[in-house]
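Visitor: Mind having a look at this structure? Questions to follow.
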Amino acid sequence: MGKKAVHFGAGNIGRGFVAEFLHNSGYEVVFCDVMDDLITKLQENKSYKVIQVGAEGNSETTITNYRAINSKTNEAQVIEEIVTADIVTCSVGPRILRFIAPVIAKGVDARPNDATPLAVIACENAIGATDELAGHIKHEDNTPEHRLEDHHERARYANSAIDRIVPAQDPSAGLDVKLEKFYEWVVDRTPFHDHEPPSIEGIKWVDDLFPYIERKLFTVNTGHAAAAYHGYVQQKTTVYDALQDPNILNEVRRALAETSTLIVGKHGIEEQEQKDYVEKIIVRIGNPHLEDAVERVGRAPLRKLSRKERFIAPAAELAEEGKEFWALLDAAEMAFRFQNVEGDEESVELAKIMAENTPEQVVEKVCGLTSKDKVFPYVVEKVKKVQADA
């Protein structure tokens, strides 16, 4: 029997980034999603294209050998696929992990103990997303306690760091996905200590993932979001447009200089290596061919302003160390201004929170900080400023 991967989330990242790797590595891909139209399109079309966009021109990969299941209406079929799969991956968004956990738990539980354990890898823009998914799967609501003892014989969970910009797509593109040529997919090798990790072309397997996750989150995500939020406030259309403004480019560079101080000091990455990485990231996020709207990059401001995310996490650590964090808070201020943006529920919720709470309550609720955190009063000042302008 051929290799098989079950992937939850048939959106642009799932079809574009993850499925391309799996397809190129010889896996049949089974997409699971709750969007009826998307599943029907995948069922009716036997192929689609992934277009890689780079400064030096575009290239294309045709994706075939896939199936699609509506996981909302065909749970039994999804379970059956998981029982015989080699890999389960997902790109559903961190907040949806708990909703896909029950069906994965049932599939894992029905697997034989003598087969190679299922490799479960969450491909989300969040630290420890696979651990979070595993926590939901192993919760007593989804897996009986007496089945946990030998659960590791049926499934292994590996955290990963993914890095590839997938912009908003042309509405007429159908299933085709446009994304940047650059990619990085780094996965923790340690859960597979007693057998080979799954063979997936393009994955970099490492024994210590954390430096890669933080470097990516605090450089790519921090830089991308800083450009988008500053750009949104300055009424720019795309991230490329925003970075043509010398003031915004300077703000992004200042924020990345602060996170670089943290990354170099904490993870022992060479200063020059990090500088080169920052330059590469600024070129990538400013790729004119991606036409990346500031509203798309800025969406979900509540998540992006949360405690473990791209602005507050590094600023809080830098504050504790007595190092500079002003540019990170300037970017966070712009994120607090990202309110009532059409099509973004979190920006509407943010506006409500800002209107109904004191600055201190906003910082506690949105950023997860308390008065014990050194950065707390400085974030409070930023919120006061935004509230005063409302």
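By convention in this document, the chains of the structure tokens carry letters A, B, ... by their order, each chain's residues are numbered from 1, and ligands are numbered from 1 in the order they are shown.
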Let's see if you can do this: from backbone DSSP, list all alpha helix (DSSP H) residues in segment 14-262 of chain A, as a short mmCIF file (atom, residue, chain, number, x, y, z; two decimals) with C-alpha atoms, in the first residue's frame.

Guide:
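That gives us out38.cif:
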```cif
data_model
loop_
_atom_site.label_atom_id
_atom_site.label_comp_id
_atom_site.auth_asym_id
_atom_site.auth_seq_id
_atom_site.Cartn_x
_atom_site.Cartn_y
_atom_site.Cartn_z
CA ALA A 19 0.13 19.30 0.37
CA GLU A 20 2.91 20.30 -2.02
CA PHE A 21 5.54 18.76 0.28
CA LEU A 22 3.47 15.63 0.86
CA HIS A 23 2.68 15.24 -2.85
CA ASN A 24 6.35 15.67 -3.83
CA ASP A 36 -18.85 22.19 1.79
CA ASP A 37 -17.94 24.22 -1.33
CA LEU A 38 -14.22 23.62 -0.93
CA ILE A 39 -14.61 19.87 -0.42
CA THR A 40 -16.94 19.63 -3.45
CA LYS A 41 -14.41 21.51 -5.62
CA LEU A 42 -11.61 19.18 -4.53
CA GLN A 43 -13.78 16.13 -5.18
CA GLU A 44 -14.73 17.38 -8.64
CA GLU A 75 -16.68 11.39 10.69
CA ALA A 76 -16.61 7.59 10.34
CA GLN A 77 -14.77 7.87 7.01
CA VAL A 78 -12.21 10.29 8.50
CA ILE A 79 -11.56 7.85 11.39
CA GLU A 80 -11.07 5.03 8.89
CA GLU A 81 -8.51 7.10 6.93
CA ILE A 82 -6.56 7.94 10.12
CA VAL A 83 -6.41 4.26 11.09
CA LEU A 97 -7.20 22.52 17.18
CA ARG A 98 -9.60 21.47 19.95
CA PHE A 99 -12.38 20.90 17.40
CA ILE A 100 -10.35 18.47 15.24
CA ALA A 101 -8.94 16.60 18.28
CA PRO A 102 -11.96 14.29 18.96
CA VAL A 103 -11.96 12.69 15.50
CA ILE A 104 -8.15 12.30 15.49
CA ALA A 105 -8.36 10.71 18.96
CA LYS A 106 -10.87 8.14 17.68
CA GLY A 107 -8.68 7.35 14.68
CA VAL A 108 -5.56 6.96 16.85
CA ASP A 109 -7.41 4.78 19.34
CA ALA A 129 0.82 23.82 18.41
CA THR A 130 1.33 20.04 18.16
CA ASP A 131 1.68 19.82 21.96
CA GLU A 132 -1.60 21.70 22.27
CA LEU A 133 -3.31 19.37 19.80
CA ALA A 134 -1.90 16.34 21.65
CA GLY A 135 -3.25 17.75 24.90
CA HIS A 136 -6.75 17.95 23.42
CA ILE A 137 -6.45 14.45 21.90
CA LYS A 138 -5.31 12.92 25.20
CA PHE A 210 12.66 26.00 20.17
CA PRO A 211 15.38 28.34 18.76
CA TYR A 212 13.93 27.92 15.24
CA ILE A 213 10.38 28.61 16.44
CA GLU A 214 11.35 31.76 18.33
CA ARG A 215 13.66 33.04 15.60
CA LYS A 216 10.87 32.65 13.05
CA THR A 222 7.05 40.29 14.15
CA GLY A 223 8.37 42.03 11.01
CA HIS A 224 5.40 41.10 8.83
CA ALA A 225 2.83 42.22 11.40
CA ALA A 226 4.73 45.41 12.31
CA ALA A 227 4.79 46.42 8.63
CA ALA A 228 1.08 45.59 8.27
CA TYR A 229 -0.14 47.46 11.37
CA HIS A 230 2.01 50.55 10.73
CA GLY A 231 0.89 50.36 7.10
CA TYR A 232 -2.78 50.06 8.04
CA VAL A 233 -2.63 53.14 10.28
CA VAL A 239 2.90 45.29 2.90
CA TYR A 240 5.04 46.12 -0.14
CA ASP A 241 3.51 49.63 -0.25
CA ALA A 242 4.08 50.03 3.49
CA LEU A 243 7.77 49.13 3.20
CA PRO A 246 11.08 55.03 4.82
CA ASN A 247 9.44 55.73 8.20
CA ILE A 248 7.58 52.41 8.26
CA LEU A 249 10.65 50.51 7.04
CA ASN A 250 12.60 52.14 9.87
CA GLU A 251 9.94 51.09 12.42
CA VAL A 252 10.17 47.48 11.20
CA ARG A 253 13.97 47.55 11.38
CA ARG A 254 13.87 48.97 14.92
CA ALA A 255 11.48 46.23 16.09
CA LEU A 256 13.63 43.52 14.49
CA ALA A 257 16.79 44.99 16.04
CA GLU A 258 15.14 44.53 19.45
CA THR A 259 14.04 40.96 18.79
CA SER A 260 17.50 40.19 17.34
CA THR A 261 19.08 41.25 20.65
CA LEU A 262 16.85 38.73 22.39
#
```

Visitor: Quick one: everything within 9 Å of Gln387 of chain A, counting only C-alpha atoms, minus sequence neighbours fewer than 4 positions away in the same chain. Send it as a PDB file with all heavy atoms, in the first residue's frame.

Guide:
```
ATOM      1  N   MET A 354     -11.693  47.525  24.029  1.00  0.00           N
ATOM      2  CA  MET A 354     -11.072  48.839  24.238  1.00  0.00           C
ATOM      3  C   MET A 354     -12.094  49.856  24.744  1.00  0.00           C
ATOM      4  O   MET A 354     -11.773  50.725  25.548  1.00  0.00           O
ATOM      5  CB  MET A 354     -10.445  49.343  22.936  1.00  0.00           C
ATOM      6  CG  MET A 354      -9.249  48.530  22.461  1.00  0.00           C
ATOM      7  SD  MET A 354      -7.750  48.788  23.428  1.00  0.00           S
ATOM      8  CE  MET A 354      -7.127  50.309  22.719  1.00  0.00           C
ATOM      9  N   ALA A 355     -13.334  49.734  24.280  1.00  0.00           N
ATOM     10  CA  ALA A 355     -14.375  50.702  24.654  1.00  0.00           C
ATOM     11  C   ALA A 355     -14.935  50.446  26.050  1.00  0.00           C
ATOM     12  O   ALA A 355     -15.393  51.373  26.721  1.00  0.00           O
ATOM     13  CB  ALA A 355     -15.503  50.656  23.624  1.00  0.00           C
ATOM     14  N   PRO A 359      -7.574  50.874  30.794  1.00  0.00           N
ATOM     15  CA  PRO A 359      -6.330  50.449  30.125  1.00  0.00           C
ATOM     16  C   PRO A 359      -5.696  49.221  30.793  1.00  0.00           C
ATOM     17  O   PRO A 359      -5.235  48.302  30.113  1.00  0.00           O
ATOM     18  CB  PRO A 359      -5.420  51.674  30.243  1.00  0.00           C
ATOM     19  CG  PRO A 359      -6.353  52.828  30.369  1.00  0.00           C
ATOM     20  CD  PRO A 359      -7.550  52.322  31.114  1.00  0.00           C
ATOM     21  N   LYS A 382       0.417  52.783  26.244  1.00  0.00           N
ATOM     22  CA  LYS A 382       0.063  52.687  24.813  1.00  0.00           C
ATOM     23  C   LYS A 382      -1.453  52.574  24.647  1.00  0.00           C
ATOM     24  O   LYS A 382      -2.049  53.205  23.766  1.00  0.00           O
ATOM     25  CB  LYS A 382       0.755  51.478  24.169  1.00  0.00           C
ATOM     26  CG  LYS A 382       2.257  51.617  24.035  1.00  0.00           C
ATOM     27  CD  LYS A 382       2.621  52.692  23.021  1.00  0.00           C
ATOM     28  CE  LYS A 382       4.111  52.803  22.787  1.00  0.00           C
ATOM     29  NZ  LYS A 382       4.437  53.968  21.944  1.00  0.00           N
ATOM     30  N   VAL A 383      -2.069  51.749  25.483  1.00  0.00           N
ATOM     31  CA  VAL A 383      -3.523  51.561  25.400  1.00  0.00           C
ATOM     32  C   VAL A 383      -4.248  52.868  25.736  1.00  0.00           C
ATOM     33  O   VAL A 383      -5.203  53.256  25.065  1.00  0.00           O
ATOM     34  CB  VAL A 383      -3.988  50.406  26.315  1.00  0.00           C
ATOM     35  CG1 VAL A 383      -5.509  50.333  26.396  1.00  0.00           C
ATOM     36  CG2 VAL A 383      -3.441  49.072  25.802  1.00  0.00           C
TER      37      VAL A 383
END
```

Visitor: Check segment 59-283 of chain A with DSSP on the backbone and list each residue it calls strand (DSSP E), as a CSV table (one decimal) with N, CA and C atoms, in the first residue's frame.

Guide:
```csv
chain,number,residue,atom,x,y,z
A,59,SER,N,7.3,29.6,-10.8
A,59,SER,CA,7.4,28.2,-11.2
A,59,SER,C,6.1,27.5,-10.7
A,60,GLU,N,5.7,26.4,-11.3
A,60,GLU,CA,4.5,25.7,-10.9
A,60,GLU,C,4.6,24.3,-10.6
A,61,THR,N,3.8,23.8,-9.7
A,61,THR,CA,3.7,22.3,-9.4
A,61,THR,C,2.3,21.9,-9.5
A,62,THR,N,2.0,20.8,-10.2
A,62,THR,CA,0.6,20.3,-10.3
A,62,THR,C,0.4,19.3,-9.2
A,63,ILE,N,-0.6,19.5,-8.4
A,63,ILE,CA,-0.9,18.5,-7.3
A,63,ILE,C,-2.0,17.6,-7.8
A,66,TYR,N,-5.0,13.1,-4.7
A,66,TYR,CA,-5.6,13.5,-3.4
A,66,TYR,C,-7.1,13.1,-3.4
A,67,ARG,N,-7.6,13.1,-2.2
A,67,ARG,CA,-9.1,12.9,-2.1
A,67,ARG,C,-9.5,13.9,-1.0
A,68,ALA,N,-10.8,14.1,-0.9
A,68,ALA,CA,-11.3,15.1,0.0
A,68,ALA,C,-12.6,14.6,0.7
A,69,ILE,N,-12.6,14.8,2.1
A,69,ILE,CA,-13.8,14.3,2.9
A,69,ILE,C,-14.3,15.5,3.7
A,70,ASN,N,-15.6,15.6,3.7
A,70,ASN,CA,-16.3,16.6,4.6
A,70,ASN,C,-16.3,16.0,6.0
A,87,ILE,N,0.7,9.7,8.3
A,87,ILE,CA,0.9,11.0,8.9
A,87,ILE,C,-0.5,11.7,9.0
A,88,VAL,N,-0.6,12.5,10.1
A,88,VAL,CA,-1.7,13.5,10.1
A,88,VAL,C,-1.1,14.9,10.3
A,89,THR,N,-1.5,15.8,9.4
A,89,THR,CA,-1.0,17.2,9.5
A,89,THR,C,-2.3,18.1,9.6
A,90,CYS,N,-2.1,19.3,10.0
A,90,CYS,CA,-3.2,20.2,10.0
A,90,CYS,C,-2.7,21.7,9.8
A,118,LEU,N,1.5,6.6,14.2
A,118,LEU,CA,1.1,7.7,13.4
A,118,LEU,C,1.9,8.9,13.8
A,119,ALA,N,2.4,9.6,12.8
A,119,ALA,CA,3.1,10.9,13.0
A,119,ALA,C,2.1,12.0,12.9
A,120,VAL,N,2.0,12.8,14.0
A,120,VAL,CA,1.0,13.9,14.0
A,120,VAL,C,1.8,15.2,14.1
A,121,ILE,N,1.7,16.1,13.1
A,121,ILE,CA,2.4,17.3,13.0
A,121,ILE,C,1.5,18.5,12.7
A,122,ALA,N,1.3,19.4,13.6
A,122,ALA,CA,0.5,20.6,13.4
A,122,ALA,C,1.3,21.7,12.7
A,155,ALA,N,0.6,6.6,18.3
A,155,ALA,CA,0.8,8.0,17.7
A,155,ALA,C,2.0,8.7,18.4
A,156,ARG,N,2.7,9.5,17.6
A,156,ARG,CA,3.8,10.4,18.1
A,156,ARG,C,3.5,11.8,17.7
A,157,TYR,N,3.8,12.7,18.5
A,157,TYR,CA,3.4,14.1,18.2
A,157,TYR,C,4.7,15.0,18.1
A,160,SER,N,6.4,21.7,15.2
A,160,SER,CA,7.1,22.2,14.0
A,160,SER,C,7.0,23.7,13.9
A,161,ALA,N,8.0,24.2,13.1
A,161,ALA,CA,8.0,25.6,12.8
A,161,ALA,C,7.8,25.8,11.3
A,162,ILE,N,6.8,26.5,10.8
A,162,ILE,CA,6.6,26.6,9.4
A,162,ILE,C,6.8,28.1,9.0
A,163,ASP,N,7.4,28.3,7.8
A,163,ASP,CA,7.7,29.6,7.4
A,163,ASP,C,7.5,29.7,5.9
A,177,VAL,N,-3.1,27.8,-5.8
A,177,VAL,CA,-2.6,28.6,-4.7
A,177,VAL,C,-1.3,29.2,-5.2
A,178,LYS,N,-1.2,30.5,-4.9
A,178,LYS,CA,0.0,31.3,-5.1
A,178,LYS,C,0.7,31.5,-3.8
A,179,LEU,N,2.0,31.2,-3.8
A,179,LEU,CA,2.8,31.5,-2.5
A,179,LEU,C,4.2,31.8,-2.9
A,180,GLU,N,5.0,32.3,-1.9
A,180,GLU,CA,6.4,32.6,-2.2
A,180,GLU,C,7.2,31.4,-2.4
A,184,GLU,N,10.5,27.3,4.9
A,184,GLU,CA,11.3,26.6,5.9
A,184,GLU,C,10.3,25.8,6.7
A,185,TRP,N,10.5,24.5,6.8
A,185,TRP,CA,9.6,23.6,7.6
A,185,TRP,C,10.6,22.8,8.5
A,186,VAL,N,10.6,23.2,9.8
A,186,VAL,CA,11.5,22.5,10.7
A,186,VAL,C,10.7,21.7,11.7
A,187,VAL,N,11.0,20.5,11.9
A,187,VAL,CA,10.2,19.6,12.8
A,187,VAL,C,11.1,18.9,13.8
A,188,ASP,N,10.6,18.7,15.0
A,188,ASP,CA,11.2,18.1,16.1
A,188,ASP,C,11.4,16.6,15.8
A,203,ILE,N,11.5,18.8,4.7
A,203,ILE,CA,11.5,19.0,6.2
A,203,ILE,C,13.0,19.0,6.7
A,204,LYS,N,13.3,19.9,7.6
A,204,LYS,CA,14.5,19.9,8.3
A,204,LYS,C,14.2,19.3,9.7
A,205,TRP,N,14.8,18.1,10.0
A,205,TRP,CA,14.6,17.5,11.3
A,205,TRP,C,15.6,18.0,12.3
A,206,VAL,N,15.2,18.4,13.5
A,206,VAL,CA,16.2,18.9,14.5
A,206,VAL,C,15.9,18.4,15.9
```

Visitor: If we count only C-alpha atoms and set the cut-off at 8 Å, which residues sit around Tyr27 of chain A, ignoring sequence neighbours fewer than 2 positions away in its own chain? Please answer as a PDB file with C-alpha atoms, in the first residue's frame.

Guide:
```
ATOM      1  CA  GLY A   2       1.250   3.521  -0.827  1.00  0.00           C
ATOM      2  CA  LYS A   3       2.019   6.237   1.721  1.00  0.00           C
ATOM      3  CA  LYS A   4      -0.939   8.261   2.967  1.00  0.00           C
ATOM      4  CA  ALA A   5      -1.298  11.598   4.785  1.00  0.00           C
ATOM      5  CA  LEU A  22       3.469  15.634   0.859  1.00  0.00           C
ATOM      6  CA  HIS A  23       2.677  15.236  -2.847  1.00  0.00           C
ATOM      7  CA  ASN A  24       6.346  15.673  -3.825  1.00  0.00           C
ATOM      8  CA  SER A  25       7.258  13.021  -1.239  1.00  0.00           C
ATOM      9  CA  VAL A  29      -3.218  13.345   0.549  1.00  0.00           C
ATOM     10  CA  ASN A  65      -3.288  11.986  -6.040  1.00  0.00           C
TER      11      ASN A  65
END
```

Visitor: Let me make sure I understand: among A:Ser199, A:Thr219, A:Ser306, A:Gln244, which one has the smallest atom-to-atom distance to Lys280 of chain A if we use only C-alpha atoms?

Guide: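 Smallest separation from Lys280 of chain A among the options: A:Thr219.
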
Visitor: Leaving out Ala126 of chain A and any residue of its chain fewer than 5 positions from it, which residues lie within 9 Å of it when counting only C-alpha atoms, given as a ChimeraX atom specification?

Guide: /A:93-94,161,213,217,308-309

Visitor: Those selected residues, please, written with all heavy atoms and delivered as a PDB file, in the first residue's frame.

Guide:
```
ATOM      1  N   GLY A  93      -5.611  26.734  12.048  1.00  0.00           N
ATOM      2  CA  GLY A  93      -5.599  27.882  12.961  1.00  0.00           C
ATOM      3  C   GLY A  93      -5.565  27.368  14.388  1.00  0.00           C
ATOM      4  O   GLY A  93      -6.267  26.408  14.723  1.00  0.00           O
ATOM      5  N   PRO A  94      -4.749  27.987  15.258  1.00  0.00           N
ATOM      6  CA  PRO A  94      -4.552  27.480  16.623  1.00  0.00           C
ATOM      7  C   PRO A  94      -5.848  27.292  17.420  1.00  0.00           C
ATOM      8  O   PRO A  94      -5.959  26.381  18.214  1.00  0.00           O
ATOM      9  CB  PRO A  94      -3.657  28.539  17.272  1.00  0.00           C
ATOM     10  CG  PRO A  94      -2.967  29.211  16.136  1.00  0.00           C
ATOM     11  CD  PRO A  94      -3.914  29.173  14.983  1.00  0.00           C
ATOM     12  N   ALA A 161       7.955  24.216  13.086  1.00  0.00           N
ATOM     13  CA  ALA A 161       7.963  25.644  12.768  1.00  0.00           C
ATOM     14  C   ALA A 161       7.838  25.760  11.264  1.00  0.00           C
ATOM     15  O   ALA A 161       8.632  25.172  10.529  1.00  0.00           O
ATOM     16  CB  ALA A 161       9.271  26.278  13.232  1.00  0.00           C
ATOM     17  N   ILE A 213      11.734  28.075  16.277  1.00  0.00           N
ATOM     18  CA  ILE A 213      10.381  28.609  16.444  1.00  0.00           C
ATOM     19  C   ILE A 213      10.451  30.080  16.854  1.00  0.00           C
ATOM     20  O   ILE A 213       9.786  30.933  16.279  1.00  0.00           O
ATOM     21  CB  ILE A 213       9.582  27.792  17.486  1.00  0.00           C
ATOM     22  CG1 ILE A 213       9.231  26.423  16.909  1.00  0.00           C
ATOM     23  CG2 ILE A 213       8.311  28.523  17.904  1.00  0.00           C
ATOM     24  CD1 ILE A 213       8.419  25.536  17.833  1.00  0.00           C
ATOM     25  N   LEU A 217       9.207  33.264  14.725  1.00  0.00           N
ATOM     26  CA  LEU A 217       8.088  34.049  15.257  1.00  0.00           C
ATOM     27  C   LEU A 217       8.487  35.493  15.519  1.00  0.00           C
ATOM     28  O   LEU A 217       7.753  36.426  15.199  1.00  0.00           O
ATOM     29  CB  LEU A 217       7.558  33.409  16.548  1.00  0.00           C
ATOM     30  CG  LEU A 217       6.324  34.064  17.182  1.00  0.00           C
ATOM     31  CD1 LEU A 217       5.102  33.959  16.286  1.00  0.00           C
ATOM     32  CD2 LEU A 217       6.022  33.448  18.546  1.00  0.00           C
ATOM     33  N   LYS A 308       2.052  35.167  24.354  1.00  0.00           N
ATOM     34  CA  LYS A 308       3.150  34.374  23.785  1.00  0.00           C
ATOM     35  C   LYS A 308       3.447  34.754  22.341  1.00  0.00           C
ATOM     36  O   LYS A 308       4.148  34.034  21.640  1.00  0.00           O
ATOM     37  CB  LYS A 308       2.794  32.888  23.855  1.00  0.00           C
ATOM     38  CG  LYS A 308       2.750  32.338  25.269  1.00  0.00           C
ATOM     39  CD  LYS A 308       2.428  30.865  25.252  1.00  0.00           C
ATOM     40  CE  LYS A 308       2.389  30.284  26.655  1.00  0.00           C
ATOM     41  NZ  LYS A 308       1.969  28.880  26.648  1.00  0.00           N
ATOM     42  N   GLU A 309       2.876  35.864  21.908  1.00  0.00           N
ATOM     43  CA  GLU A 309       2.963  36.198  20.492  1.00  0.00           C
ATOM     44  C   GLU A 309       4.067  37.204  20.155  1.00  0.00           C
ATOM     45  O   GLU A 309       4.845  37.618  21.003  1.00  0.00           O
ATOM     46  CB  GLU A 309       1.593  36.684  20.002  1.00  0.00           C
ATOM     47  CG  GLU A 309       0.728  35.536  19.477  1.00  0.00           C
ATOM     48  CD  GLU A 309       1.142  35.052  18.099  1.00  0.00           C
ATOM     49  OE1 GLU A 309       1.939  35.725  17.418  1.00  0.00           O
ATOM     50  OE2 GLU A 309       0.658  33.978  17.688  1.00  0.00           O
TER      51      GLU A 309
END
```

Visitor: Please provide the set of residues having any atom within 6 Å of Asp292 of chain A, restricted to only C-alpha atoms, with same-chain residues fewer than 2 positions apart removed, written as a list in words.

Guide: Pro167, Thr238, Val239 and Leu290 of chain A

Visitor: With N, CA, C and O atoms retained, export the selected residues as a tab-separated table (two decimals), in the first residue's frame.

Guide:
```tsv
chain	number	residue	atom	x	y	z
A	167	PRO	N	-0.11	34.63	0.51
A	167	PRO	CA	-0.96	35.83	0.55
A	167	PRO	C	-2.41	35.52	0.22
A	167	PRO	O	-2.76	34.37	-0.10
A	238	THR	N	-0.81	47.50	0.62
A	238	THR	CA	-0.14	46.21	0.80
A	238	THR	C	1.10	46.38	1.68
A	238	THR	O	1.56	47.51	1.93
A	239	VAL	N	1.66	45.25	2.11
A	239	VAL	CA	2.90	45.29	2.90
A	239	VAL	C	4.02	45.87	2.05
A	239	VAL	O	4.86	46.64	2.55
A	290	LEU	N	3.73	39.36	-4.31
A	290	LEU	CA	2.77	38.69	-3.41
A	290	LEU	C	1.50	39.51	-3.20
A	290	LEU	O	0.47	38.96	-2.81
```

Visitor: Closest to Asp330 of chain A among A:Val379, A:Val278, A:Ala115, A:Ile263, using only C-alpha atoms?

Guide: A:Val379

Visitor: Taking only C-alpha atoms into account, which of A:Gly322, A:Pro117, A:Pro301, A:Pro144 comes nearest Glu349 of chain A?

Guide: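 Looking only at the distances to Glu349 of chain A, the closest residue turns out to be A:Pro301.
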
Visitor: One number please: atom CA of Asn142 of chain A to atom CA of Ile200 of chain A, in Å, one decimal.

Guide: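 Computing the Euclidean distance for atom CA of Asn142 of chain A and atom CA of Ile200 of chain A yields 28.7 Å.
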
Visitor: Point out the residue among A:Arg147, A:Lys236, A:His7, A:Arg337 with the least atom-to-atom distance to Leu302 of chain A, counting only C-alpha atoms.

Guide: A:Arg337

Visitor: For atom CA of Lys384 of chain A and atom CA of Val363 of chain A, quote the distance in Å rounded to one decimal.

Guide: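 Between atom CA of Lys384 of chain A and atom CA of Val363 of chain A the gap is 10.2 Å.
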
Visitor: Hey, can you check how far atom CA of Val34 of chain A sits from atom CA of Val92 of chain A?

Guide: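 Taking atom CA of Val34 of chain A and atom CA of Val92 of chain A, their separation equals 10.6 Å.
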